[in-house]
>>> print(open('data.cif').read())   # mmCIF, C-alpha atoms
data_coords
#
loop_
_atom_site.label_atom_id
_atom_site.label_comp_id
_atom_site.auth_asym_id
_atom_site.auth_seq_id
_atom_site.Cartn_x
_atom_site.Cartn_y
_atom_site.Cartn_z
CA MET A 5 0.00 0.00 0.00
CA ARG A 6 1.29 3.51 -0.78
CA ALA A 7 2.48 5.54 2.18
CA SER A 8 -0.08 8.28 1.48
CA THR A 9 -2.95 5.78 1.40
CA VAL A 10 -1.84 4.39 4.75
CA LYS A 11 -1.80 7.93 6.15
CA VAL A 12 -5.41 8.44 5.06
CA TRP A 13 -6.53 5.18 6.70
CA GLU A 14 -4.69 6.14 9.87
CA LEU A 15 -6.47 9.49 9.93
CA VAL A 16 -9.82 7.75 9.37
CA HIS A 17 -9.09 5.36 12.24
CA LYS A 18 -7.98 8.16 14.54
CA TRP A 19 -10.91 10.49 13.99
CA THR A 20 -13.76 8.01 13.74
CA SER A 21 -12.49 6.43 16.96
CA LEU A 22 -11.98 9.68 18.82
CA ILE A 23 -15.49 10.91 18.08
CA CYS A 24 -17.29 7.71 19.08
CA THR A 25 -15.10 6.33 21.90
CA LEU A 26 -16.81 7.94 24.89
CA PHE A 27 -20.26 6.94 23.67
CA LEU A 28 -19.05 3.45 22.86
CA LEU A 29 -17.60 3.12 26.36
CA MET A 30 -21.01 4.07 27.76
CA LEU A 31 -22.69 1.53 25.46
CA CYS A 32 -20.29 -1.26 26.41
CA ILE A 33 -20.66 -0.60 30.13
CA THR A 34 -24.47 -0.33 30.09
CA GLY A 35 -24.63 -3.27 27.66
CA LEU A 36 -22.91 -5.60 30.11
CA PRO A 37 -25.83 -5.94 32.59
CA LEU A 38 -28.32 -5.92 29.68
CA ILE A 39 -26.82 -9.17 28.34
CA PHE A 40 -27.95 -10.83 31.59
CA HIS A 41 -31.31 -9.04 31.77
CA ASP A 42 -33.28 -12.29 32.07
CA GLU A 43 -30.96 -13.82 34.68
CA ILE A 44 -30.99 -10.65 36.78
CA ASP A 45 -34.80 -10.47 36.59
CA GLU A 46 -35.11 -14.09 37.65
CA ALA A 47 -32.67 -13.71 40.54
CA LEU A 48 -34.46 -10.64 41.85
CA ASN A 49 -37.93 -12.12 41.33
CA PRO A 50 -37.86 -15.79 42.35
CA ASP A 51 -40.91 -17.37 40.76
CA VAL A 52 -43.09 -18.43 43.68
CA TRP A 53 -46.36 -17.78 41.92
CA GLN A 54 -48.53 -20.77 41.02
CA PRO A 55 -51.76 -20.81 39.02
CA LYS A 56 -54.74 -21.12 41.34
CA TYR A 57 -56.34 -24.12 39.62
CA PRO A 58 -53.55 -25.81 37.65
CA GLN A 59 -55.89 -28.54 36.38
CA ALA A 60 -58.78 -26.25 35.45
CA GLU A 61 -59.76 -25.35 31.93
CA HIS A 62 -58.42 -21.93 30.97
CA LEU A 63 -60.70 -18.94 30.83
CA THR A 64 -61.33 -17.54 27.36
CA LEU A 65 -59.65 -14.39 26.15
CA ASP A 66 -63.03 -12.61 26.18
CA GLU A 67 -63.56 -13.55 29.83
CA ILE A 68 -60.10 -12.35 30.87
CA LEU A 69 -60.58 -9.15 28.90
CA GLU A 70 -63.90 -8.50 30.63
CA ILE A 71 -62.36 -9.01 34.08
CA ALA A 72 -59.47 -6.73 33.21
CA LEU A 73 -61.71 -3.93 31.97
CA THR A 74 -64.01 -4.25 34.97
CA ASN A 75 -60.95 -3.77 37.16
CA ARG A 76 -59.96 -0.68 35.18
CA GLU A 77 -63.26 1.08 34.83
CA GLY A 78 -63.53 3.55 31.97
CA GLU A 79 -60.35 2.29 30.31
CA GLN A 80 -59.72 0.71 26.90
CA ALA A 81 -57.63 -2.37 26.22
CA ILE A 82 -54.49 -1.48 24.24
CA TYR A 83 -52.39 -4.66 24.12
CA MET A 84 -52.74 -8.24 25.25
CA SER A 85 -49.68 -10.47 25.56
CA PHE A 86 -49.03 -14.01 26.73
CA ASP A 87 -46.47 -15.42 29.13
CA ILE A 88 -44.43 -18.21 27.59
CA LEU A 89 -44.04 -20.47 30.60
CA ARG A 90 -46.97 -19.55 32.87
CA PRO A 91 -50.70 -19.58 32.14
CA VAL A 92 -50.73 -15.81 32.42
CA ILE A 93 -52.17 -13.09 30.23
CA ASN A 94 -50.92 -9.51 30.41
CA ILE A 95 -53.23 -6.65 29.57
CA THR A 96 -52.15 -3.11 28.90
CA SER A 97 -54.96 -0.59 29.19
CA GLY A 98 -55.33 3.18 29.16
CA PRO A 99 -57.85 6.04 29.02
CA THR A 100 -57.85 5.68 25.21
CA ALA A 101 -56.29 3.10 22.90
CA ASP A 102 -53.85 5.70 21.58
CA ALA A 103 -52.81 6.94 25.03
CA PRO A 104 -49.10 7.69 25.56
CA SER A 105 -47.13 4.96 27.35
CA SER A 106 -46.93 7.07 30.52
CA GLU A 107 -50.72 6.70 30.94
CA MET A 108 -50.82 2.98 30.26
CA HIS A 109 -51.60 0.46 32.95
CA PHE A 110 -50.13 -3.05 32.93
CA ALA A 111 -51.72 -5.97 34.75
CA SER A 112 -51.30 -9.75 34.64
CA TYR A 113 -54.11 -12.29 35.05
CA ASP A 114 -54.21 -15.96 35.99
CA LEU A 115 -55.77 -17.85 33.05
CA THR A 116 -57.10 -20.52 35.41
CA SER A 117 -58.92 -18.21 37.82
CA GLY A 118 -59.01 -14.73 36.33
CA GLU A 119 -57.28 -13.37 39.43
CA LEU A 120 -54.54 -10.76 39.33
CA VAL A 121 -50.98 -12.06 39.29
CA PRO A 122 -48.68 -9.96 41.50
CA PRO A 123 -46.13 -8.12 39.37
CA SER A 124 -42.55 -9.42 39.47
CA ASP A 125 -40.81 -6.12 38.93
CA VAL A 126 -38.12 -5.93 41.64
CA GLY A 127 -35.11 -4.14 40.18
CA GLU A 128 -37.00 -3.36 36.98
CA SER A 129 -36.64 0.41 37.35
CA VAL A 130 -32.84 0.06 37.47
CA MET A 131 -32.74 -2.19 34.40
CA GLU A 132 -35.18 0.11 32.63
CA PHE A 133 -32.89 3.06 33.40
CA ILE A 134 -29.85 1.23 32.01
CA LEU A 135 -31.77 0.14 28.91
CA GLN A 136 -32.99 3.67 28.27
CA LEU A 137 -29.48 5.08 28.64
CA HIS A 138 -28.20 2.40 26.28
CA THR A 139 -30.95 2.96 23.71
CA ASP A 140 -31.37 6.71 23.45
CA MET A 141 -29.75 8.44 26.49
CA PHE A 142 -33.28 9.63 27.47
CA LEU A 143 -33.47 11.75 24.32
CA GLY A 144 -36.05 9.76 22.37
CA LEU A 145 -35.69 9.28 18.63
CA PRO A 146 -32.94 11.93 18.17
CA GLY A 147 -30.88 10.23 20.87
CA MET A 148 -31.38 6.86 19.21
CA LEU A 149 -30.35 8.13 15.79
CA PHE A 150 -27.35 9.90 17.32
CA LEU A 151 -26.15 6.66 18.91
CA GLY A 152 -26.76 5.03 15.53
CA ALA A 153 -24.41 7.54 13.94
CA MET A 154 -21.83 6.78 16.63
CA GLY A 155 -22.27 3.11 15.75
CA VAL A 156 -21.58 3.85 12.09
CA LEU A 157 -18.35 5.65 13.07
CA PHE A 158 -17.42 2.68 15.26
CA VAL A 159 -17.90 0.28 12.34
CA ILE A 160 -15.74 2.50 10.09
CA SER A 161 -13.16 2.71 12.85
CA THR A 162 -13.10 -1.09 13.08
CA ILE A 163 -12.67 -1.53 9.33
CA SER A 164 -9.92 1.11 9.12
CA GLY A 165 -8.27 -0.59 12.10
CA VAL A 166 -8.08 -3.85 10.14
CA VAL A 167 -6.49 -2.00 7.19
CA ILE A 168 -3.76 -0.36 9.27
CA TYR A 169 -3.23 -3.54 11.32
CA ARG A 170 -1.14 -4.71 8.41
CA GLN A 171 1.30 -1.81 8.76
CA TYR A 172 1.89 -2.52 12.44
CA MET A 173 2.27 -6.25 11.96
CA ARG A 174 4.67 -6.28 9.01
CA LYS A 175 7.50 -7.55 11.16
CA LEU A 176 5.64 -8.99 14.12
CA ASN A 177 4.24 -12.49 14.34
CA PHE A 178 0.56 -12.86 15.22
CA GLY A 179 -0.06 -12.41 18.92
CA THR A 180 3.31 -10.81 19.74
CA ILE A 181 3.18 -8.73 22.94
CA ARG A 182 6.40 -6.73 23.44
CA ARG A 183 6.36 -6.73 27.22
CA HIS A 184 10.07 -5.93 27.57
CA LYS A 185 9.70 -2.71 25.56
CA SER A 186 7.86 0.48 26.61
CA THR A 187 4.35 0.51 28.10
CA ARG A 188 3.24 2.12 24.87
CA HIS A 189 4.55 -0.81 22.80
CA LYS A 190 2.89 -3.28 25.11
CA TRP A 191 -0.51 -1.59 24.88
CA LEU A 192 -0.19 -1.10 21.14
CA ASP A 193 0.30 -4.87 20.84
CA TYR A 194 -2.68 -5.62 23.08
CA HIS A 195 -4.80 -3.11 21.14
CA ASN A 196 -3.84 -4.79 17.85
CA LEU A 197 -4.32 -8.35 19.08
CA PHE A 198 -7.64 -7.74 20.82
CA GLY A 199 -8.84 -5.60 17.94
CA ILE A 200 -8.10 -8.13 15.22
CA VAL A 201 -9.52 -11.20 16.99
CA THR A 202 -12.82 -9.51 17.86
CA VAL A 203 -13.51 -8.02 14.39
CA ALA A 204 -16.32 -10.45 13.54
CA TRP A 205 -18.16 -10.03 16.83
CA VAL A 206 -17.65 -6.26 16.94
CA LEU A 207 -18.99 -5.89 13.39
CA VAL A 208 -22.04 -8.06 14.11
CA VAL A 209 -22.89 -6.26 17.34
CA GLY A 210 -22.03 -2.85 15.83
CA VAL A 211 -24.06 -3.22 12.65
CA THR A 212 -27.07 -4.80 14.41
CA GLY A 213 -26.88 -2.03 17.00
CA VAL A 214 -27.10 0.57 14.24
CA ILE A 215 -30.08 -1.28 12.72
CA ASN A 216 -31.79 -1.32 16.13
CA THR A 217 -31.47 2.47 16.35
CA LEU A 218 -33.60 2.61 13.18
CA GLU A 219 -36.41 0.70 14.90
CA GLU A 220 -38.92 3.55 14.84
CA PRO A 221 -38.54 4.51 11.17
CA ILE A 222 -38.54 0.81 10.21
CA LEU A 223 -41.74 0.08 12.17
CA ASP A 224 -43.38 3.23 10.81
CA THR A 225 -42.54 2.27 7.24
CA TRP A 226 -43.84 -1.24 7.80
CA ARG A 227 -47.09 0.07 9.24
CA ASP A 228 -47.53 2.70 6.56
CA ASN A 229 -46.72 0.48 3.59
CA ASN A 230 -47.89 -3.01 4.40
CA LEU A 231 -50.63 -2.68 6.94
CA LYS A 232 -52.24 0.30 5.22
CA GLN A 233 -52.14 -1.59 1.94
CA LEU A 234 -53.91 -4.52 3.53
CA LEU A 235 -56.40 -2.14 5.08
CA SER A 236 -56.85 0.22 2.18
CA GLU A 237 -60.57 -0.52 1.75
CA HIS A 238 -61.19 -0.76 5.44
CA GLN A 239 -59.23 2.19 6.73
CA GLY A 240 -60.41 5.52 8.03
CA GLY A 241 -62.88 6.63 10.62
CA ALA A 242 -62.73 6.94 14.36
CA ILE A 243 -61.46 4.36 16.79
CA VAL A 244 -64.17 1.74 17.21
CA GLU A 245 -65.35 0.14 20.41
CA PRO A 246 -64.41 -3.55 19.90
CA SER A 247 -67.53 -5.67 19.91
CA ALA A 248 -66.51 -8.82 18.04
CA SER A 249 -65.31 -11.78 20.12
CA LEU A 250 -61.55 -11.75 20.60
CA THR A 251 -61.53 -15.46 21.40
CA GLU A 252 -63.10 -16.15 18.00
CA ALA A 253 -60.81 -13.64 16.24
CA VAL A 254 -57.69 -15.34 17.62
CA LYS A 255 -59.08 -18.75 16.64
CA GLN A 256 -59.57 -17.51 13.06
CA ALA A 257 -56.09 -15.97 13.02
CA LYS A 258 -54.53 -19.29 14.06
CA LEU A 259 -56.45 -21.02 11.25
CA ILE A 260 -54.96 -18.83 8.53
CA ALA A 261 -51.51 -18.87 10.13
CA PRO A 262 -50.96 -22.54 10.97
CA ASN A 263 -47.67 -23.57 12.59
CA MET A 264 -47.40 -20.22 14.29
CA THR A 265 -47.65 -19.20 17.93
CA LEU A 266 -49.74 -16.38 19.32
CA GLN A 267 -47.52 -13.55 20.61
CA PHE A 268 -49.66 -10.49 21.24
CA VAL A 269 -52.81 -8.64 20.26
CA ALA A 270 -53.02 -4.93 19.49
CA PHE A 271 -56.47 -3.41 19.95
CA PRO A 272 -58.17 -0.90 17.58
CA GLY A 273 -56.55 2.53 17.78
CA SER A 274 -53.27 1.33 19.29
CA LYS A 275 -49.87 1.94 17.75
CA PHE A 276 -49.72 -1.52 16.19
CA SER A 277 -53.20 -1.69 14.72
CA SER A 278 -55.72 0.30 12.72
CA ASN A 279 -58.71 2.12 14.18
CA GLN A 280 -61.08 -0.74 13.40
CA HIS A 281 -59.16 -3.95 13.76
CA TYR A 282 -57.64 -6.37 16.15
CA ALA A 283 -54.07 -6.92 14.98
CA ILE A 284 -53.17 -10.44 16.08
CA PHE A 285 -49.45 -11.06 15.96
CA LEU A 286 -48.07 -14.56 15.67
CA HIS A 287 -44.51 -15.81 15.45
CA GLY A 288 -42.90 -18.89 13.90
CA ASN A 289 -41.76 -21.98 15.75
CA THR A 290 -38.22 -22.62 14.54
CA PRO A 291 -35.24 -20.95 16.27
CA LEU A 292 -34.98 -18.53 13.35
CA THR A 293 -38.65 -17.82 12.59
CA LYS A 294 -39.66 -17.38 16.22
CA GLU A 295 -38.05 -13.96 15.94
CA LEU A 296 -40.30 -13.06 13.00
CA ILE A 297 -43.84 -11.87 13.63
CA THR A 298 -46.79 -11.84 11.26
CA PRO A 299 -49.98 -9.85 11.93
CA VAL A 300 -53.45 -11.10 11.09
CA LEU A 301 -56.07 -8.35 10.97
CA VAL A 302 -59.60 -9.04 12.13
CA ASP A 303 -62.44 -6.53 12.03
CA ALA A 304 -63.18 -5.61 15.65
CA THR A 305 -66.87 -4.89 15.02
CA ASN A 306 -68.04 -7.86 12.95
CA GLY A 307 -65.19 -10.38 13.31
CA ASP A 308 -64.36 -10.53 9.57
CA VAL A 309 -60.84 -11.75 8.91
CA ILE A 310 -59.12 -9.21 6.65
CA GLY A 311 -55.98 -11.23 6.07
CA LEU A 312 -52.39 -11.74 6.96
CA THR A 313 -49.35 -9.86 5.78
CA GLU A 314 -45.85 -11.24 5.91
CA MET A 315 -43.18 -9.05 7.41
CA PRO A 316 -41.24 -7.11 4.74
CA TRP A 317 -37.47 -7.76 4.48
CA TYR A 318 -36.52 -4.69 6.50
CA GLY A 319 -38.81 -5.81 9.32
CA LYS A 320 -37.14 -9.22 9.28
CA VAL A 321 -33.71 -7.61 9.37
CA LEU A 322 -34.78 -5.57 12.41
CA SER A 323 -36.25 -8.61 14.15
CA LEU A 324 -33.07 -10.62 13.69
CA SER A 325 -30.89 -7.68 14.71
CA ARG A 326 -32.31 -7.68 18.22
CA PRO A 327 -31.08 -11.11 19.37
CA LEU A 328 -27.83 -10.75 17.40
CA HIS A 329 -27.13 -7.49 19.24
CA PHE A 330 -27.99 -8.57 22.77
CA GLY A 331 -26.60 -12.12 22.46
CA ASP A 332 -29.56 -13.60 24.29
CA TYR A 333 -30.43 -16.29 21.76
CA GLY A 334 -28.08 -19.18 22.43
CA GLY A 335 -28.04 -19.97 26.11
CA LEU A 336 -25.97 -18.84 29.07
CA PHE A 337 -22.60 -19.83 27.60
CA LEU A 338 -23.16 -17.55 24.62
CA LYS A 339 -24.12 -14.72 26.98
CA ILE A 340 -20.90 -15.20 28.93
CA LEU A 341 -18.93 -15.00 25.67
CA TRP A 342 -20.85 -11.84 24.79
CA ALA A 343 -19.83 -10.36 28.15
CA ILE A 344 -16.15 -11.30 27.77
CA LEU A 345 -16.07 -9.85 24.25
CA ASP A 346 -17.79 -6.73 25.57
CA ILE A 347 -15.08 -6.33 28.24
CA ILE A 348 -12.35 -6.87 25.63
CA THR A 349 -13.98 -4.13 23.56
CA ILE A 350 -13.76 -1.82 26.58
CA ILE A 351 -10.03 -2.62 26.79
CA ILE A 352 -9.64 -1.90 23.07
CA LEU A 353 -11.39 1.46 23.46
CA GLY A 354 -9.39 2.38 26.56
CA SER A 355 -6.03 1.34 25.10
CA GLY A 356 -6.86 3.21 21.90
CA LEU A 357 -7.48 6.35 23.89
CA TYR A 358 -4.23 5.84 25.81
CA LEU A 359 -2.24 5.29 22.61
CA TRP A 360 -3.66 8.45 21.06
CA TYR A 361 -2.82 10.42 24.23
CA GLN A 362 0.76 9.08 24.34
CA LYS A 363 1.35 9.75 20.65
CA ASN A 364 -0.04 13.25 21.02
CA LYS A 365 2.23 13.93 23.97
CA LYS A 366 5.23 12.68 21.98
CA THR A 367 4.39 14.80 18.93
CA ASN A 368 3.83 17.88 21.06
CA PHE A 369 7.12 17.27 22.84
CA ASN A 370 8.95 16.87 19.49
CA THR A 371 7.56 20.07 18.05
CA THR A 372 8.32 22.06 21.20
CA SER A 373 11.88 20.73 21.44
CA LYS A 374 12.41 21.44 17.73
CA LYS A 375 11.18 24.98 18.22
CA SER A 376 13.44 25.60 21.21
CA ALA A 377 16.40 24.25 19.26
CA GLU A 378 15.87 26.74 16.46
CA MET B 3 16.03 -6.13 10.93
CA ALA B 4 13.34 -8.77 11.06
CA LYS B 5 12.02 -10.19 7.81
CA GLN B 6 8.88 -8.60 6.34
CA LEU B 7 5.80 -10.78 6.58
CA SER B 8 3.51 -11.33 3.62
CA LEU B 9 -0.13 -10.25 3.57
CA TRP B 10 -1.17 -13.89 3.94
CA GLN B 11 1.15 -14.45 6.91
CA ILE B 12 -0.30 -11.40 8.65
CA PHE B 13 -3.95 -12.18 8.04
CA LYS B 14 -4.04 -15.99 8.02
CA LEU B 15 -5.02 -16.47 11.66
CA PRO B 16 -7.30 -13.40 11.82
CA ILE B 17 -9.25 -14.71 8.80
CA ILE B 18 -9.63 -18.18 10.34
CA LEU B 19 -10.85 -16.64 13.60
CA PHE B 20 -13.22 -14.33 11.71
CA ILE B 21 -14.82 -17.25 9.90
CA LEU B 22 -15.09 -19.34 13.08
CA SER B 23 -16.67 -16.44 14.98
CA ILE B 24 -19.23 -15.64 12.29
CA THR B 25 -20.09 -19.31 11.92
CA GLY B 26 -20.70 -19.58 15.66
CA ILE B 27 -22.73 -16.38 15.88
CA VAL B 28 -25.01 -17.32 12.98
CA ALA B 29 -25.25 -21.04 13.80
CA ALA B 30 -26.46 -20.27 17.33
CA LEU B 31 -29.34 -18.36 15.74
CA LEU B 32 -30.31 -21.26 13.49
CA VAL B 33 -30.34 -24.01 16.08
CA ASP B 34 -31.74 -24.50 19.55
CA GLY B 35 -30.81 -26.73 22.45
CA GLU B 36 -27.58 -28.67 22.89
CA ILE B 37 -26.09 -27.62 19.55
CA ASP B 38 -26.08 -24.03 20.79
CA LEU B 39 -23.10 -25.02 22.90
CA LEU B 40 -21.20 -26.15 19.82
CA ALA B 41 -21.98 -22.89 18.04
CA SER B 42 -20.82 -20.94 21.09
CA LEU B 43 -17.58 -22.94 21.09
CA ALA B 44 -16.88 -21.77 17.53
CA LEU B 45 -17.13 -18.19 18.79
CA ALA B 46 -15.13 -19.06 21.90
CA SER B 47 -12.27 -20.29 19.72
CA THR B 48 -11.23 -16.71 19.12
CA LEU B 49 -10.87 -16.15 22.89
CA ILE B 50 -9.05 -19.43 23.42
CA VAL B 51 -6.50 -18.65 20.70
CA THR B 52 -5.98 -15.13 22.08
CA ALA B 53 -5.47 -16.41 25.62
CA TRP B 54 -3.01 -19.00 24.35
CA TYR B 55 -0.90 -16.38 22.57
CA ILE B 56 -0.90 -14.06 25.58
CA LEU B 57 -0.01 -16.78 28.08
CA LYS B 58 2.58 -18.68 26.05
#
>>> encode(input="data.cif", output="structure tokens")
Amino acid sequence: MRASTVKVWELVHKWTSLICTLFLLMLCITGLPLIFHDEIDEALNPDVWQPKYPQAEHLTLDEILEIALTNREGEQAIYMSFDILRPVINITSGPTADAPSSEMHFASYDLTSGELVPPSDVGESVMEFILQLHTDMFLGLPGMLFLGAMGVLFVISTISGVVIYRQYMRKLNFGTIRRHKSTRHKWLDYHNLFGIVTVAWVLVVGVTGVINTLEEPILDTWRDNNLKQLLSEHQGGAIVEPSASLTEAVKQAKLIAPNMTLQFVAFPGSKFSSNQHYAIFLHGNTPLTKELITPVLVDATNGDVIGLTEMPWYGKVLSLSRPLHFGDYGGLFLKILWAILDIITIIILGSGLYLWYQKNKKTNFNTTSKKSAE
Amino acid sequence: MAKQLSLWQIFKLPIILFILSITGIVAALLVDGEIDLLASLALASTLIVTAWYILK
């Protein structure tokens, strides 16, 4: 490679890294507990709850919904979701179906008795705080997109790092750490070794992180393009009061989406539905397709099934980016690897900062001593 | 002065580790259960090799 080209790559590596390093450090540190979100939740909330009548036939969705709305007088159902392991249904309600999340109420019900299930939310506010900091630094969409931009710089910094790795390693065997030389040499070697062996993981987590920051625009596009298309003849008008049976609607949805599992229901007027329909979301059953959701729309006034629409490619990319970013898709061992790689990334960022500081000090010293010599 | 290494000599191991890591990361997404451990091991290889070079 020509010397001038190398210089350009070095400049790219230096500046992209310098701009994003502090934010990346924050992301790596807050990301660490998020990898173990499930384990932390479980440890803080030991599952002592048991269904009241384990042998009893489950209540219907309509019955649960009625109980929930009686408990929350004057409120509308917004979402209904289903626990995976327990016979529990969660209902989100609010003054209106399009109420902001701050006005929503979340309650869980025992499918065998219709009784309230006590919330297991010890420590949730702390995890929620960390997640929010990690996602958007409490700045909403602009914060998310900003972190996305930092992620793009980080990816460029990684790629430019691989390019200039060659220059540093021309005379050094792989994995050489020059411990006997200066501290700077030692940390340069660690920076290079750690950097080059984590490239694959860093790129996967970096790129999927950037995709996750685009969640809102991606979901909006999906809703606007696909759902509206499906609804074109049925759209418009005010939010309806759901009168058709939800139990029946879900049964119909399962019929036209066989081999899929019910995940959640969005009620008319909510963010994930139209003003007149139940949007019934189902997911696949293989390790890969269980990340992908498909909505079936059912008219909430007369129970007519409108149809199902497969997720567009960009929705699929987003859905797969979530597990690939958080590393929570392959068991505890994979999570531990994610954590170790995260810590190594922190070392790479820190050593990079140190190397830049040392080099800067040296250059400044050289120019000052040159000047005083003149 | 030490001999200059070729491009292949410099990037041979990094490329192998890159492929192993990606294979592990993607494979863990495609399978469930016991095989997840195998996929994770492919990703772990990169850490094992690094540790070996640092400790040797």
>>> closest_residue(input="data.cif", among="B:Lys14, B:Leu32, B:Ala44, B:Gly26", to="chain A", atoms="all atoms listed in the file")
B:Leu32
>>> closest_atom_pairs(input="data.cif", of="chain A", to="chain B", cutoff="10 Å", atoms="only C-alpha atoms", output="Markdown table")
| residue | atom | partner | partner_atom | distance |
| --- | --- | --- | --- | --- |
| A:Val166 | CA | B:Phe13 | CA | 9.5 |
| A:Tyr169 | CA | B:Ile12 | CA | 8.8 |
| A:Arg170 | CA | B:Ile12 | CA | 6.7 |
| A:Gln171 | CA | B:Ile12 | CA | 9.7 |
| A:Tyr172 | CA | B:Ile12 | CA | 9.9 |
| A:Met173 | CA | B:Ile12 | CA | 6.6 |
| A:Arg174 | CA | B:Leu7 | CA | 5.2 |
| A:Lys175 | CA | B:Gln6 | CA | 5.1 |
| A:Leu176 | CA | B:Leu7 | CA | 7.8 |
| A:Asn177 | CA | B:Ile12 | CA | 7.4 |
| A:Phe178 | CA | B:Ile12 | CA | 6.8 |
| A:Gly179 | CA | B:Tyr55 | CA | 5.5 |
| A:Thr180 | CA | B:Tyr55 | CA | 7.5 |
| A:Ile181 | CA | B:Ile56 | CA | 7.2 |
| A:Tyr194 | CA | B:Ile56 | CA | 9.0 |
| A:Leu197 | CA | B:Thr52 | CA | 7.6 |
| A:Phe198 | CA | B:Thr52 | CA | 7.7 |
| A:Ile200 | CA | B:Pro16 | CA | 6.3 |
| A:Val201 | CA | B:Pro16 | CA | 6.0 |
| A:Thr202 | CA | B:Thr48 | CA | 7.5 |
| A:Val203 | CA | B:Phe20 | CA | 6.9 |
| A:Ala204 | CA | B:Phe20 | CA | 5.3 |
| A:Trp205 | CA | B:Ser23 | CA | 6.8 |
| A:Leu207 | CA | B:Ile24 | CA | 9.8 |
| A:Val208 | CA | B:Ile24 | CA | 8.3 |
| A:Thr290 | CA | B:Leu32 | CA | 8.1 |
| A:Pro291 | CA | B:Leu32 | CA | 5.7 |
| A:Leu292 | CA | B:Leu32 | CA | 5.4 |
| A:Thr293 | CA | B:Leu32 | CA | 9.1 |
| A:Glu295 | CA | B:Leu31 | CA | 9.8 |
| A:Leu324 | CA | B:Leu31 | CA | 8.8 |
| A:Pro327 | CA | B:Leu31 | CA | 8.3 |
| A:Leu328 | CA | B:Ile27 | CA | 7.7 |
| A:Gly331 | CA | B:Ile27 | CA | 8.7 |
| A:Asp332 | CA | B:Leu31 | CA | 9.8 |
| A:Tyr333 | CA | B:Leu31 | CA | 6.5 |
| A:Gly334 | CA | B:Ala30 | CA | 5.5 |
| A:Gly335 | CA | B:Asp38 | CA | 7.0 |
| A:Leu336 | CA | B:Leu39 | CA | 9.2 |
| A:Phe337 | CA | B:Ser42 | CA | 6.8 |
| A:Leu338 | CA | B:Ser42 | CA | 5.4 |
| A:Lys339 | CA | B:Ser42 | CA | 9.2 |
| A:Ile340 | CA | B:Ser42 | CA | 9.7 |
| A:Leu341 | CA | B:Ala46 | CA | 6.7 |
| A:Trp342 | CA | B:Leu45 | CA | 9.5 |
| A:Ile344 | CA | B:Leu49 | CA | 8.7 |
| A:Leu345 | CA | B:Leu49 | CA | 8.3 |
| A:Ile348 | CA | B:Leu49 | CA | 9.8 |
>>> resolve_selection(input="data.cif", expression="the PyMOL selection byres ((chain A and resi 108) around 6)", output="PyMOL selection string")
chain A and resi 97-98+105-107+109
>>> resolve_selection(input="data.cif", expression="the PyMOL selection byres ((chain A and resi 319) around 12)", output="NGL selection string")
:A and (215-216 or 218-227 or 229-230 or 295-298 or 313-318 or 320-326)
>>> residues_around(input="data.cif", residues="stretch 115-117 of chain A", least_positions_apart="2", cutoff="8 Å", atoms="all atoms listed in the file", output="ChimeraX atom specification")
/A:55-58,60-64,68,91-93,113,119
>>> atom_distance(input="data.cif", atom1="atom CA of A:Asn279", atom2="atom CA of A:Ala242")
6.3 Å
>>> decode(input="data.cif", residues="stretch 308-317 of chain A", atoms="N, CA and C atoms", output="mmCIF file, in the first residue's frame")
data_model
loop_
_atom_site.group_PDB
_atom_site.id
_atom_site.type_symbol
_atom_site.label_atom_id
_atom_site.label_comp_id
_atom_site.auth_asym_id
_atom_site.auth_seq_id
_atom_site.Cartn_x
_atom_site.Cartn_y
_atom_site.Cartn_z
ATOM 1 N N ASP A 308 -64.864 -10.103 10.878
ATOM 2 C CA ASP A 308 -64.365 -10.528 9.570
ATOM 3 C C ASP A 308 -62.841 -10.581 9.570
ATOM 4 N N VAL A 309 -62.290 -11.660 9.016
ATOM 5 C CA VAL A 309 -60.835 -11.752 8.906
ATOM 6 C C VAL A 309 -60.393 -11.008 7.648
ATOM 7 N N ILE A 310 -59.558 -10.000 7.809
ATOM 8 C CA ILE A 310 -59.123 -9.210 6.653
ATOM 9 C C ILE A 310 -57.978 -9.907 5.938
ATOM 10 N N GLY A 311 -57.082 -10.519 6.701
ATOM 11 C CA GLY A 311 -55.984 -11.233 6.070
ATOM 12 C C GLY A 311 -54.708 -11.108 6.855
ATOM 13 N N LEU A 312 -53.683 -11.723 6.277
ATOM 14 C CA LEU A 312 -52.388 -11.741 6.955
ATOM 15 C C LEU A 312 -51.354 -11.125 6.042
ATOM 16 N N THR A 313 -50.393 -10.445 6.610
ATOM 17 C CA THR A 313 -49.353 -9.859 5.781
ATOM 18 C C THR A 313 -48.002 -10.238 6.326
ATOM 19 N N GLU A 314 -47.181 -10.839 5.467
ATOM 20 C CA GLU A 314 -45.851 -11.244 5.907
ATOM 21 C C GLU A 314 -44.986 -10.017 6.147
ATOM 22 N N MET A 315 -44.080 -10.149 7.092
ATOM 23 C CA MET A 315 -43.177 -9.048 7.410
ATOM 24 C C MET A 315 -42.297 -8.728 6.198
ATOM 25 N N PRO A 316 -42.150 -7.438 5.843
ATOM 26 C CA PRO A 316 -41.241 -7.106 4.739
ATOM 27 C C PRO A 316 -39.790 -7.364 5.153
ATOM 28 N N TRP A 317 -38.864 -7.389 4.183
ATOM 29 C CA TRP A 317 -37.474 -7.762 4.481
ATOM 30 C C TRP A 317 -36.856 -6.874 5.548
#
